[in-house]
>>> print(open('start_25.cif').read())   # mmCIF, C-alpha atoms and all ligand atoms
data_input
loop_
_atom_site.label_atom_id
_atom_site.label_comp_id
_atom_site.auth_asym_id
_atom_site.auth_seq_id
_atom_site.Cartn_x
_atom_site.Cartn_y
_atom_site.Cartn_z
CA MET A 210 10.58 -25.92 1.83
CA THR A 211 7.59 -25.17 -0.38
CA PRO A 212 6.63 -27.83 -2.95
CA ARG A 213 6.34 -27.06 -6.67
CA ALA A 214 2.58 -27.69 -6.62
CA THR A 215 0.12 -27.04 -3.82
CA LEU A 216 -3.63 -27.62 -3.67
CA LEU A 217 -5.80 -25.74 -1.21
CA THR A 218 -9.00 -27.71 -0.61
CA HIS A 219 -12.37 -27.50 1.16
CA ALA A 220 -12.38 -23.75 1.82
CA SER A 221 -15.67 -22.79 3.45
CA GLN A 222 -15.61 -19.80 1.12
CA LEU A 223 -13.18 -19.13 -1.70
CA LEU A 224 -13.35 -15.48 -2.81
CA MET A 225 -12.14 -15.37 -6.42
CA LEU A 226 -12.92 -11.70 -7.32
CA GLN A 227 -12.43 -12.82 -10.90
CA GLY A 228 -12.86 -10.88 -14.10
CA SER A 229 -11.33 -7.60 -13.05
CA ALA A 230 -9.10 -5.97 -15.63
CA ALA A 231 -10.26 -2.58 -14.33
CA PRO A 232 -11.06 -1.39 -10.83
CA ARG A 233 -14.39 -2.43 -9.32
CA ARG A 234 -17.02 0.30 -9.08
CA GLY A 235 -20.47 0.62 -7.53
CA PRO A 236 -22.45 -2.63 -7.16
CA ALA A 237 -19.60 -4.62 -8.77
CA MET A 238 -17.61 -4.07 -5.54
CA THR A 239 -19.94 -6.50 -3.78
CA ASP A 240 -19.48 -9.36 -6.28
CA LEU A 241 -16.73 -11.41 -4.65
CA GLY A 242 -17.14 -14.55 -6.80
CA ILE A 243 -17.72 -16.81 -3.79
CA ILE A 244 -17.26 -20.58 -4.21
CA GLU A 245 -18.19 -22.92 -1.38
CA ASP A 246 -15.96 -25.97 -0.73
CA GLY A 247 -13.42 -24.05 -2.82
CA ALA A 248 -10.01 -25.11 -4.04
CA VAL A 249 -6.97 -23.43 -5.59
CA LEU A 250 -4.12 -25.13 -7.44
CA ILE A 251 -0.72 -23.45 -7.30
CA LYS A 252 2.31 -24.31 -9.45
CA ASP A 253 5.61 -22.48 -9.71
CA GLY A 254 4.33 -19.47 -7.80
CA ARG A 255 1.24 -18.97 -9.95
CA ILE A 256 -2.41 -19.93 -9.67
CA THR A 257 -3.17 -22.55 -12.32
CA ALA A 258 -6.80 -23.30 -11.42
CA ALA A 259 -9.53 -22.22 -8.97
CA GLY A 260 -12.94 -23.79 -8.44
CA THR A 261 -14.60 -26.37 -6.21
CA THR A 262 -12.64 -29.11 -4.48
CA ASP A 263 -14.46 -31.72 -6.63
CA GLU A 264 -13.42 -29.93 -9.82
CA LEU A 265 -9.77 -29.54 -8.95
CA ARG A 266 -8.81 -32.67 -7.04
CA PRO A 267 -8.59 -35.01 -10.08
CA HIS A 268 -5.99 -32.68 -11.66
CA SER A 269 -3.76 -32.55 -8.66
CA LYS A 270 -1.50 -35.60 -8.62
CA ASN A 271 1.77 -35.24 -6.72
CA THR A 272 0.79 -32.05 -4.94
CA GLU A 273 0.97 -30.99 -1.35
CA GLU A 274 -2.57 -30.49 -0.05
CA ILE A 275 -3.57 -27.86 2.48
CA ASP A 276 -6.95 -28.54 4.05
CA CYS A 277 -8.83 -25.24 4.34
CA ARG A 278 -11.92 -26.59 6.13
CA ASN A 279 -13.49 -23.82 8.26
CA LYS A 280 -11.34 -21.26 6.49
CA VAL A 281 -12.00 -18.34 4.12
CA VAL A 282 -9.47 -18.20 1.27
CA LEU A 283 -9.07 -14.92 -0.60
CA PRO A 284 -6.51 -12.91 -2.58
CA GLY A 285 -3.72 -11.53 -0.41
CA PHE A 286 -4.31 -7.90 0.53
CA VAL A 287 -2.66 -5.16 -1.49
CA ASP A 288 -1.60 -2.39 0.90
CA SER A 289 -1.16 0.38 -1.65
CA HIS A 290 -0.05 3.21 0.69
CA THR A 291 2.59 2.83 3.42
CA HIS A 292 5.49 4.83 4.90
CA PRO A 293 7.66 2.10 6.49
CA VAL A 294 11.09 3.78 6.35
CA PHE A 295 11.41 5.38 9.79
CA ALA A 296 13.60 4.75 12.81
CA THR A 297 11.43 5.24 15.90
CA PRO A 298 7.77 5.56 16.94
CA ARG A 299 6.50 9.10 17.64
CA LEU A 300 5.37 8.69 21.21
CA ILE A 301 5.61 12.36 22.22
CA ASP A 302 3.27 13.32 19.36
CA PHE A 303 0.91 10.56 20.46
CA GLU A 304 0.85 11.75 24.04
CA LYS A 305 0.42 15.42 23.00
CA ARG A 306 -2.47 14.56 20.72
CA VAL A 307 -4.18 12.54 23.42
CA ALA A 308 -3.84 15.65 25.61
CA GLY A 309 -5.66 17.71 22.98
CA ALA A 310 -3.15 19.10 20.44
CA SER A 311 -4.14 18.95 16.74
CA TYR A 312 -2.09 17.44 13.89
CA GLU A 313 -1.18 20.91 12.65
CA GLU A 314 -0.35 22.23 16.15
CA ILE A 315 2.00 19.27 16.71
CA ALA A 316 3.68 19.93 13.34
CA ALA A 317 4.06 23.65 14.15
CA ALA A 318 5.78 22.70 17.45
CA GLY A 319 8.41 20.65 15.60
CA GLY A 320 6.63 17.32 15.87
CA GLY A 321 4.92 15.52 13.01
CA ILE A 322 6.80 14.41 9.91
CA ARG A 323 9.79 16.64 10.70
CA ALA A 324 10.30 14.78 13.99
CA SER A 325 11.15 11.62 12.04
CA ILE A 326 13.80 13.26 9.87
CA HIS A 327 16.64 13.10 12.40
CA GLY A 328 16.30 9.37 13.00
CA VAL A 329 16.34 8.55 9.28
CA ARG A 330 19.25 10.86 8.48
CA GLU A 331 21.29 9.20 11.25
CA SER A 332 20.43 5.62 10.23
CA SER A 333 22.27 3.34 7.80
CA ALA A 334 20.43 1.67 4.94
CA ASP A 335 20.90 -1.66 6.72
CA LYS A 336 19.27 -0.37 9.89
CA LEU A 337 16.35 1.16 7.98
CA ALA A 338 15.95 -2.04 5.95
CA HIS A 339 15.72 -3.96 9.21
CA HIS A 340 12.79 -1.76 10.31
CA VAL A 341 11.09 -2.09 6.92
CA LEU A 342 11.45 -5.87 6.93
CA HIS A 343 9.99 -6.08 10.43
CA ALA A 344 6.91 -4.18 9.22
CA LEU A 345 6.61 -6.32 6.08
CA ASN A 346 6.67 -9.51 8.13
CA GLU A 347 3.93 -8.10 10.37
CA MET A 348 1.89 -7.13 7.32
CA SER A 349 2.08 -10.58 5.77
CA ALA A 350 1.07 -12.12 9.11
CA TYR A 351 -2.19 -10.15 8.66
CA GLY A 352 -2.71 -11.41 5.10
CA THR A 353 -0.96 -8.69 3.06
CA THR A 354 1.09 -9.89 0.08
CA THR A 355 1.80 -6.67 -1.86
CA VAL A 356 2.96 -3.40 -0.31
CA GLU A 357 3.63 0.04 -1.74
CA ALA A 358 6.46 1.59 0.31
CA LYS A 359 7.38 5.26 0.30
CA SER A 360 10.51 7.11 1.30
CA GLY A 361 9.84 10.54 2.78
CA TYR A 362 11.45 10.92 6.21
CA GLY A 363 14.98 11.66 4.98
CA LEU A 364 14.19 14.78 2.97
CA ASP A 365 17.66 15.33 1.58
CA LEU A 366 19.09 13.67 -1.50
CA ALA A 367 21.30 11.14 0.29
CA SER A 368 18.71 10.19 2.92
CA GLU A 369 15.88 9.77 0.40
CA LEU A 370 18.04 7.53 -1.80
CA ARG A 371 19.16 5.59 1.29
CA SER A 372 15.49 5.14 2.23
CA LEU A 373 14.72 3.75 -1.24
CA GLU A 374 17.76 1.49 -0.97
CA ALA A 375 16.43 0.24 2.39
CA ILE A 376 13.13 -0.65 0.69
CA ARG A 377 15.09 -2.46 -2.02
CA GLN A 378 17.13 -4.38 0.56
CA ALA A 379 14.03 -5.37 2.52
CA ALA A 380 12.38 -6.61 -0.69
CA GLN A 381 15.23 -9.08 -1.11
CA HIS A 382 14.39 -10.72 2.21
CA TRP A 383 10.59 -10.78 1.93
CA GLN A 384 8.58 -13.16 -0.24
CA GLY A 385 5.85 -10.63 -1.05
CA THR A 386 5.90 -7.86 -3.66
CA LEU A 387 7.10 -4.33 -2.90
CA VAL A 388 6.41 -1.22 -4.97
CA PRO A 389 8.87 1.59 -4.14
CA THR A 390 7.78 5.25 -4.22
CA LEU A 391 9.87 8.41 -3.87
CA LEU A 392 8.14 10.82 -1.48
CA GLY A 393 10.90 13.44 -1.29
CA ALA A 394 8.01 15.94 -1.35
CA HIS A 395 6.57 14.87 2.01
CA VAL A 396 7.18 18.20 3.77
CA VAL A 397 9.73 20.98 3.33
CA PRO A 398 12.61 20.15 5.71
CA PRO A 399 13.50 22.80 8.36
CA GLU A 400 16.66 24.00 6.56
CA PHE A 401 14.51 25.14 3.60
CA ARG A 402 11.69 26.68 5.64
CA ASP A 403 12.48 30.14 4.23
CA ASN A 404 13.04 28.94 0.69
CA PRO A 405 10.65 26.09 -0.09
CA ASP A 406 10.98 26.57 -3.85
CA GLU A 407 14.67 25.72 -3.62
CA TYR A 408 13.69 22.43 -1.94
CA VAL A 409 11.18 21.78 -4.74
CA ARG A 410 14.02 22.38 -7.21
CA ILE A 411 16.15 19.77 -5.41
CA VAL A 412 13.28 17.25 -5.54
CA CYS A 413 12.79 17.91 -9.28
CA ASP A 414 16.40 18.27 -10.42
CA GLU A 415 18.25 15.92 -8.05
CA MET A 416 16.02 13.40 -6.24
CA ILE A 417 13.73 12.41 -9.11
CA PRO A 418 16.53 11.93 -11.69
CA ALA A 419 18.51 9.88 -9.13
CA ALA A 420 15.49 7.69 -8.26
CA ALA A 421 14.86 7.10 -11.98
CA ARG A 422 18.45 6.23 -12.91
CA PRO A 423 19.55 2.59 -13.18
CA VAL A 424 20.77 1.43 -9.77
CA PRO A 425 24.59 1.51 -9.49
CA GLN A 426 26.26 -1.86 -9.02
CA SER A 427 27.34 -1.01 -5.49
CA LEU A 428 23.71 -0.66 -4.45
CA SER A 429 22.40 -3.71 -6.27
CA ARG A 430 25.00 -6.15 -4.97
CA ALA A 431 23.64 -9.42 -3.75
CA ARG A 432 23.13 -9.56 -0.01
CA ARG A 433 24.66 -12.43 1.85
CA GLY A 434 22.79 -15.61 0.99
CA ILE A 435 20.69 -14.02 -1.76
CA ARG A 436 21.35 -15.23 -5.30
CA ALA A 437 21.87 -12.39 -7.75
CA PRO A 438 19.07 -13.37 -10.18
CA GLN A 439 16.53 -12.78 -7.40
CA LEU A 440 17.46 -9.14 -7.11
CA GLY A 441 14.47 -6.97 -7.84
CA ALA A 442 12.41 -10.02 -8.77
CA ASN A 443 9.85 -9.24 -6.12
CA LEU A 444 9.84 -5.50 -6.65
CA GLY A 445 6.47 -4.89 -8.28
CA ASN A 446 8.13 -2.43 -10.54
CA ASP A 447 8.08 -2.65 -14.31
CA THR A 448 11.62 -1.31 -14.30
CA PRO A 449 13.23 -2.97 -11.28
CA GLN A 450 16.61 -1.46 -12.09
CA LYS A 451 15.24 1.88 -10.88
CA LEU A 452 15.06 2.75 -7.18
CA ALA A 453 11.47 4.02 -7.47
CA ALA A 454 8.45 3.13 -9.59
CA TYR A 455 6.35 6.10 -8.45
CA VAL A 456 6.74 9.68 -7.32
CA ASP A 457 4.28 10.91 -4.69
CA VAL A 458 3.73 14.41 -3.33
CA PHE A 459 1.90 15.66 -0.24
CA CYS A 460 -0.23 18.44 -1.73
CA GLU A 461 -1.56 20.15 1.38
CA ARG A 462 -1.51 23.34 3.44
CA GLY A 463 1.77 23.23 5.35
CA ALA A 464 3.36 20.82 2.85
CA PHE A 465 3.38 21.60 -0.92
CA THR A 466 1.13 23.97 -2.87
CA PRO A 467 -0.75 22.78 -5.96
CA GLU A 468 1.71 24.71 -8.15
CA GLN A 469 4.74 23.10 -6.45
CA SER A 470 3.03 19.70 -6.70
CA LEU A 471 2.53 20.18 -10.45
CA ARG A 472 6.23 20.98 -10.89
CA ILE A 473 7.23 17.83 -9.02
CA LEU A 474 4.82 15.54 -10.85
CA ARG A 475 5.88 16.95 -14.23
CA ALA A 476 9.50 16.18 -13.34
CA ALA A 477 8.45 12.61 -12.46
CA VAL A 478 6.77 12.11 -15.83
CA ALA A 479 9.76 13.62 -17.63
CA HIS A 480 11.95 10.94 -16.01
CA GLY A 481 9.62 8.05 -16.80
CA LEU A 482 8.24 7.57 -13.28
CA LYS A 483 4.54 7.08 -12.52
CA THR A 484 2.60 9.41 -10.21
CA ARG A 485 0.30 9.32 -7.17
CA ILE A 486 -0.72 12.13 -4.79
CA HIS A 487 -1.59 12.68 -1.13
CA VAL A 488 -4.39 15.21 -1.54
CA GLY A 489 -7.43 16.51 0.33
CA GLN A 490 -6.42 15.22 3.77
CA LEU A 491 -6.75 18.48 5.69
CA THR A 492 -7.95 20.99 3.10
CA HIS A 493 -9.62 20.87 -0.33
CA THR A 494 -7.69 20.97 -3.61
CA ALA A 495 -9.57 20.62 -6.92
CA LEU A 496 -8.51 17.23 -8.28
CA GLU A 497 -9.01 18.07 -11.94
CA LEU A 498 -5.91 20.24 -11.64
CA PHE A 499 -3.93 16.98 -11.88
CA SER A 500 -5.75 15.50 -14.89
CA GLU A 501 -2.65 15.58 -17.15
CA PHE A 502 -0.91 12.88 -15.05
CA HIS A 503 -3.52 10.10 -15.19
CA CYS A 504 -2.35 9.26 -11.66
CA ALA A 505 -2.69 5.66 -10.53
CA SER A 506 -4.18 6.88 -7.26
CA PHE A 507 -5.27 9.91 -5.24
CA ASP A 508 -4.90 9.19 -1.54
CA HIS A 509 -6.73 10.39 1.60
CA LEU A 510 -9.54 12.49 -0.02
CA ASP A 511 -11.19 13.54 3.24
CA ASN A 512 -12.10 16.88 1.64
CA LEU A 513 -13.84 16.58 -1.72
CA SER A 514 -16.34 18.61 -3.73
CA ASP A 515 -19.19 17.15 -5.77
CA ALA A 516 -17.28 18.26 -8.89
CA ASP A 517 -14.22 16.25 -7.75
CA ILE A 518 -16.34 13.14 -7.24
CA ALA A 519 -18.08 13.47 -10.61
CA TRP A 520 -14.71 13.96 -12.34
CA LEU A 521 -13.05 11.07 -10.45
CA ALA A 522 -15.88 8.71 -11.47
CA ARG A 523 -14.98 9.35 -15.13
CA THR A 524 -11.29 8.48 -14.64
CA ASP A 525 -9.37 5.25 -13.97
CA THR A 526 -7.63 6.88 -11.00
CA VAL A 527 -8.32 4.95 -7.81
CA ALA A 528 -9.45 6.83 -4.67
CA THR A 529 -7.34 5.27 -1.90
CA LEU A 530 -8.94 5.86 1.49
CA LEU A 531 -6.90 5.63 4.70
CA PRO A 532 -9.39 5.56 7.57
CA ALA A 533 -6.92 4.16 10.13
CA ALA A 534 -5.30 7.63 10.09
CA ASN A 535 -8.63 9.26 10.99
CA TYR A 536 -9.10 6.64 13.70
CA PHE A 537 -5.63 7.20 15.18
CA LEU A 538 -5.96 11.00 15.02
CA GLY A 539 -9.16 10.63 17.02
CA LEU A 540 -11.23 12.32 14.30
CA THR A 541 -14.97 11.94 14.08
CA THR A 542 -15.02 12.62 10.33
CA PHE A 543 -13.94 10.11 7.69
CA PRO A 544 -13.50 10.17 3.90
CA PRO A 545 -16.90 10.01 2.11
CA ALA A 546 -16.60 6.38 1.01
CA ARG A 547 -20.34 5.85 0.61
CA LYS A 548 -20.73 8.85 -1.69
CA LEU A 549 -17.63 7.88 -3.71
CA ILE A 550 -18.78 4.29 -4.25
CA ASP A 551 -22.37 5.26 -4.99
CA SER A 552 -21.08 7.79 -7.53
CA GLY A 553 -19.05 5.16 -9.38
CA VAL A 554 -15.55 6.07 -8.12
CA ALA A 555 -13.11 3.14 -7.79
CA VAL A 556 -12.24 2.98 -4.07
CA ALA A 557 -9.27 1.18 -2.48
CA LEU A 558 -8.28 0.85 1.18
CA ALA A 559 -4.73 0.96 2.60
CA THR A 560 -3.13 1.21 6.04
CA ASP A 561 -1.09 4.44 5.57
CA TYR A 562 1.34 2.68 7.95
CA ASN A 563 3.52 5.48 9.39
CA PRO A 564 4.87 6.55 12.79
CA GLY A 565 2.79 9.69 13.22
CA THR A 566 -0.78 9.10 12.14
CA SER A 567 -1.29 5.40 11.42
CA PRO A 568 1.00 2.97 13.22
CA THR A 569 -0.82 -0.17 12.09
CA THR A 570 0.21 -2.92 9.69
CA SER A 571 -3.23 -4.57 9.72
CA MET A 572 -5.43 -4.44 6.62
CA PRO A 573 -8.23 -6.30 8.45
CA PHE A 574 -8.27 -3.51 11.04
CA VAL A 575 -8.52 -0.90 8.24
CA MET A 576 -11.39 -2.88 6.71
CA SER A 577 -13.13 -2.95 10.07
CA VAL A 578 -12.85 0.84 10.42
CA ALA A 579 -14.05 1.21 6.80
CA SER A 580 -17.19 -0.73 7.66
CA THR A 581 -17.92 0.78 11.06
CA HIS A 582 -17.03 4.43 10.29
CA MET A 583 -17.33 4.81 6.50
CA LYS A 584 -20.27 2.40 6.07
CA MET A 585 -18.55 0.27 3.47
CA SER A 586 -20.09 -3.20 3.39
CA PRO A 587 -17.75 -6.08 4.28
CA ALA A 588 -17.79 -7.14 0.60
CA GLU A 589 -16.89 -3.62 -0.57
CA ALA A 590 -14.06 -3.51 1.97
CA ILE A 591 -12.65 -6.78 0.62
CA ALA A 592 -12.77 -5.61 -3.02
CA ALA A 593 -11.16 -2.32 -1.95
CA ALA A 594 -8.36 -4.18 -0.11
CA THR A 595 -7.58 -6.61 -2.94
CA ILE A 596 -8.39 -5.97 -6.61
CA ASN A 597 -8.83 -2.20 -6.31
CA GLY A 598 -5.58 -1.92 -4.35
CA ALA A 599 -3.89 -3.82 -7.17
CA CYS A 600 -5.35 -1.33 -9.66
CA ALA A 601 -4.00 1.53 -7.52
CA LEU A 602 -0.52 0.11 -8.21
CA ASP A 603 -1.10 -0.86 -11.87
CA LEU A 604 -0.70 -4.51 -10.84
CA GLN A 605 -4.21 -5.78 -11.65
CA HIS A 606 -2.79 -8.11 -14.34
CA LYS A 607 -1.03 -10.20 -11.66
CA LYS A 608 -2.50 -9.32 -8.25
CA GLY A 609 -5.82 -8.86 -6.49
CA SER A 610 -7.86 -11.90 -7.55
CA LEU A 611 -7.59 -15.70 -7.55
CA GLU A 612 -7.48 -16.45 -11.27
CA PRO A 613 -5.31 -18.75 -13.37
CA GLY A 614 -2.14 -16.98 -14.45
CA LYS A 615 -2.01 -14.59 -11.53
CA ASP A 616 0.62 -14.70 -8.78
CA ALA A 617 -0.23 -17.15 -5.99
CA ASP A 618 -0.69 -14.43 -3.36
CA ILE A 619 -3.31 -15.81 -1.00
CA ALA A 620 -4.59 -15.12 2.52
CA ILE A 621 -6.25 -17.88 4.55
CA PHE A 622 -8.47 -16.74 7.42
CA ASP A 623 -9.69 -18.72 10.37
CA ALA A 624 -13.36 -17.96 9.55
CA GLN A 625 -16.29 -19.55 7.78
CA ASP A 626 -17.76 -16.35 6.33
CA TYR A 627 -15.86 -13.47 4.69
CA ARG A 628 -17.81 -10.96 6.79
CA GLU A 629 -15.83 -12.16 9.79
CA ILE A 630 -12.70 -10.52 8.38
CA PRO A 631 -13.76 -6.93 9.19
CA TYR A 632 -15.97 -8.14 12.07
CA TRP A 633 -13.24 -9.40 14.42
CA PHE A 634 -11.04 -6.41 15.21
CA GLY A 635 -7.93 -6.09 17.34
CA VAL A 636 -7.15 -9.77 16.84
CA ASN A 637 -5.47 -11.57 13.98
CA ARG A 638 -7.57 -14.30 12.37
CA CYS A 639 -5.20 -14.77 9.43
CA SER A 640 -3.90 -18.32 9.81
CA LYS A 641 -1.63 -18.55 6.76
CA THR A 642 -0.36 -16.25 4.04
CA ILE A 643 0.97 -17.58 0.72
CA LEU A 644 3.36 -15.17 -1.01
CA GLY A 645 4.13 -15.95 -4.64
CA GLY A 646 3.35 -19.62 -3.95
CA ARG A 647 5.64 -19.73 -0.88
CA TYR A 648 4.46 -20.19 2.68
ZN ZN B 1 0.57 8.79 3.50
#
>>> encode(input="start_25.cif", output="structure tokens", more="lines below")
Ligand SMILES: [Zn+2]
Amino acid sequence: MTPRATLLTHASQLLMLQGSAAPRRGPAMTDLGIIEDGAVLIKDGRITAAGTTDELRPHSKNTEEIDCRNKVVLPGFVDSHTHPVFATPRLIDFEKRVAGASYEEIAAAGGGIRASIHGVRESSADKLAHHVLHALNEMSAYGTTTVEAKSGYGLDLASELRSLEAIRQAAQHWQGTLVPTLLGAHVVPPEFRDNPDEYVRIVCDEMIPAAARPVPQSLSRARRGIRAPQLGANLGNDTPQKLAAYVDVFCERGAFTPEQSLRILRAAVAHGLKTRIHVGQLTHTALELFSEFHCASFDHLDNLSDADIAWLARTDTVATLLPAANYFLGLTTFPPARKLIDSGVAVALATDYNPGTSPTTSMPFVMSVASTHMKMSPAEAIAAATINGACALDLQHKKGSLEPGKDADIAIFDAQDYREIPYWFGVNRCSKTILGGRY
């Protein structure tokens, strides 16, 4: 049972990351707003004050106190790119890749994304929701409090909607915030291999309208033990009656062409859904092509031109980098984080949690890879995993920093210095996660 008011006291370092209505860029990414002997007051799921323990303690009568001595307290991580709706791990792909096959060779042999389709098509929403919830609980154990979750392994109308329903069901059993995304345009499923434009038509004319329609009563029924008013309350979706907040598309050789991607994103806008894109993972696509959408985020961005970077720096679109995928694919190249940050692009980090290329739920691991392989400083990695991730989901008004009025989404690490968070890898130093004031 969580009390109405909670006071965290004596944090070795409290990282406030305050003052961010827009994504952090350049040198501002290193300004974490560190307070020593820090304290945070939480009431009714929100942060009501943050400062030093001496400042806050007199205002905290009748509160439960959590002693955070020898702990770093920071905003909960925002994992703004995940694919949690799948049935089984892809162990054959893993073994083949270790033996030397490339991502594209595995896909051409029937592995890759297409290998996950069968399991999702055969699974009930309840079974998929069970898998999603398992991943969410792992994520929050590592300090994550907000997660963007994509469909994308069903790839027919019924299976994509069932995947979104599984995300919705899981959200009802998790205390964090979920942002649902339709990724019907993940790859062209095998039955449309000879007619990909017909599949694009189905995404535009059937999947997107269905994901944007108010959820039928049969889908939004209260689960056992869940009170009806809570339904959708923790979906970080301005219109929680819809199954999806965003539409995403994998614009890539072997997936969808730029022209097909434009059709899909235009259909999303026409139905009132927001947009984000997987782009530049394997090959280059000029980003300015997508300027009309004012996308919340472009994701991956391993292949970029100087013109892309200069254009991105002038936009509010966040560059979401997913270096755990490069790590797991055994690549020696990584997205050009240093160049992006030094050019003024807003950079976020996310896990890309998925069964083929990034089976990790750990944001601290991603931050560690960002520092060791992309040369992001520990401070930049923290800003990218918190406030800039919130901006990548249009949630910066309530997530990503420890400021009065924001949701009490807080990670507490067993460390005395924030640099320890990306430093210790392969172990979990997160000792407590507070999700909307609950823990
Ligand atoms: Zn992805």
>>> residues_near_point(input="start_25.cif", point="(-15.9, -21.6, 3.1)", cutoff="7 Å", atoms="all atoms listed in the file", output="VMD selection string")
chain A and resid 220 to 223 245 to 247 279 to 281 625 to 626
>>> closest_atom_pairs(input="start_25.cif", of="chain A", to="ligand ZN 1 (chain B)", cutoff="7 Å", atoms="all atoms listed in the file", output="JSON lines")
{"residue": "A:His290", "atom": "CA", "partner": "B:ZN1", "partner_atom": "ZN", "distance": 6.3}
{"residue": "A:Thr291", "atom": "CA", "partner": "B:ZN1", "partner_atom": "ZN", "distance": 6.3}
{"residue": "A:His292", "atom": "CA", "partner": "B:ZN1", "partner_atom": "ZN", "distance": 6.5}
{"residue": "A:His487", "atom": "CA", "partner": "B:ZN1", "partner_atom": "ZN", "distance": 6.4}
{"residue": "A:Asp561", "atom": "CA", "partner": "B:ZN1", "partner_atom": "ZN", "distance": 5.1}
>>> atom_distance(input="start_25.cif", atom1="atom CA of Lys359 of chain A", atom2="atom CA of Leu337 of chain A")
12.5 Å
>>> atom_distance(input="start_25.cif", atom1="atom CA of Ile591 of chain A", atom2="atom CA of Thr239 of chain A")
8.5 Å
>>> residues_around(input="start_25.cif", residues="segment 392-402 of chain A", least_positions_apart="3", cutoff="6 Å", atoms="all atoms listed in the file", output="ChimeraX atom specification")
/A:359-361,364,405,457-459,464
>>> atom_distance(input="start_25.cif", atom1="atom CA of Leu549 of chain A", atom2="atom CA of Ala519 of chain A")
8.9 Å
>>> residues_around(input="start_25.cif", residues="Gly235 of chain A", least_positions_apart="2", cutoff="8 Å", atoms="only C-alpha atoms", output="list in words")
Arg233, Ala237, Met238, Ile550, Asp551, Ser552, Gly553, Val554 and Ala555 of chain A
>>> residues_around(input="start_25.cif", residues="Asp335 of chain A", least_positions_apart="6", cutoff="12 Å", atoms="all atoms listed in the file", output="JSON, numbers by chain")
{"A": [294, 296, 329, 341, 342, 371, 372, 373, 374, 375, 376, 377, 378, 379, 428, 432]}
>>> residues_around(input="start_25.cif", residues="segment 614-624 of chain A", least_positions_apart="4", cutoff="7 Å", atoms="only C-alpha atoms", output="number ranges by chain")
A: 251, 254-257, 279-285, 352, 354, 607-608, 629, 638-646
>>> write_last_selection(input="start_25.cif", atoms="C-alpha atoms", output="PDB file, in the coordinates of the input")
ATOM      1  CA  ILE A 251      -0.720 -23.450  -7.300  1.00  0.00           C
ATOM      2  CA  GLY A 254       4.330 -19.470  -7.800  1.00  0.00           C
ATOM      3  CA  ARG A 255       1.240 -18.970  -9.950  1.00  0.00           C
ATOM      4  CA  ILE A 256      -2.410 -19.930  -9.670  1.00  0.00           C
ATOM      5  CA  THR A 257      -3.170 -22.550 -12.320  1.00  0.00           C
ATOM      6  CA  ASN A 279     -13.490 -23.820   8.260  1.00  0.00           C
ATOM      7  CA  LYS A 280     -11.340 -21.260   6.490  1.00  0.00           C
ATOM      8  CA  VAL A 281     -12.000 -18.340   4.120  1.00  0.00           C
ATOM      9  CA  VAL A 282      -9.470 -18.200   1.270  1.00  0.00           C
ATOM     10  CA  LEU A 283      -9.070 -14.920  -0.600  1.00  0.00           C
ATOM     11  CA  PRO A 284      -6.510 -12.910  -2.580  1.00  0.00           C
ATOM     12  CA  GLY A 285      -3.720 -11.530  -0.410  1.00  0.00           C
ATOM     13  CA  GLY A 352      -2.710 -11.410   5.100  1.00  0.00           C
ATOM     14  CA  THR A 354       1.090  -9.890   0.080  1.00  0.00           C
ATOM     15  CA  LYS A 607      -1.030 -10.200 -11.660  1.00  0.00           C
ATOM     16  CA  LYS A 608      -2.500  -9.320  -8.250  1.00  0.00           C
ATOM     17  CA  GLU A 629     -15.830 -12.160   9.790  1.00  0.00           C
ATOM     18  CA  ARG A 638      -7.570 -14.300  12.370  1.00  0.00           C
ATOM     19  CA  CYS A 639      -5.200 -14.770   9.430  1.00  0.00           C
ATOM     20  CA  SER A 640      -3.900 -18.320   9.810  1.00  0.00           C
ATOM     21  CA  LYS A 641      -1.630 -18.550   6.760  1.00  0.00           C
ATOM     22  CA  THR A 642      -0.360 -16.250   4.040  1.00  0.00           C
ATOM     23  CA  ILE A 643       0.970 -17.580   0.720  1.00  0.00           C
ATOM     24  CA  LEU A 644       3.360 -15.170  -1.010  1.00  0.00           C
ATOM     25  CA  GLY A 645       4.130 -15.950  -4.640  1.00  0.00           C
ATOM     26  CA  GLY A 646       3.350 -19.620  -3.950  1.00  0.00           C
TER      27      GLY A 646
END
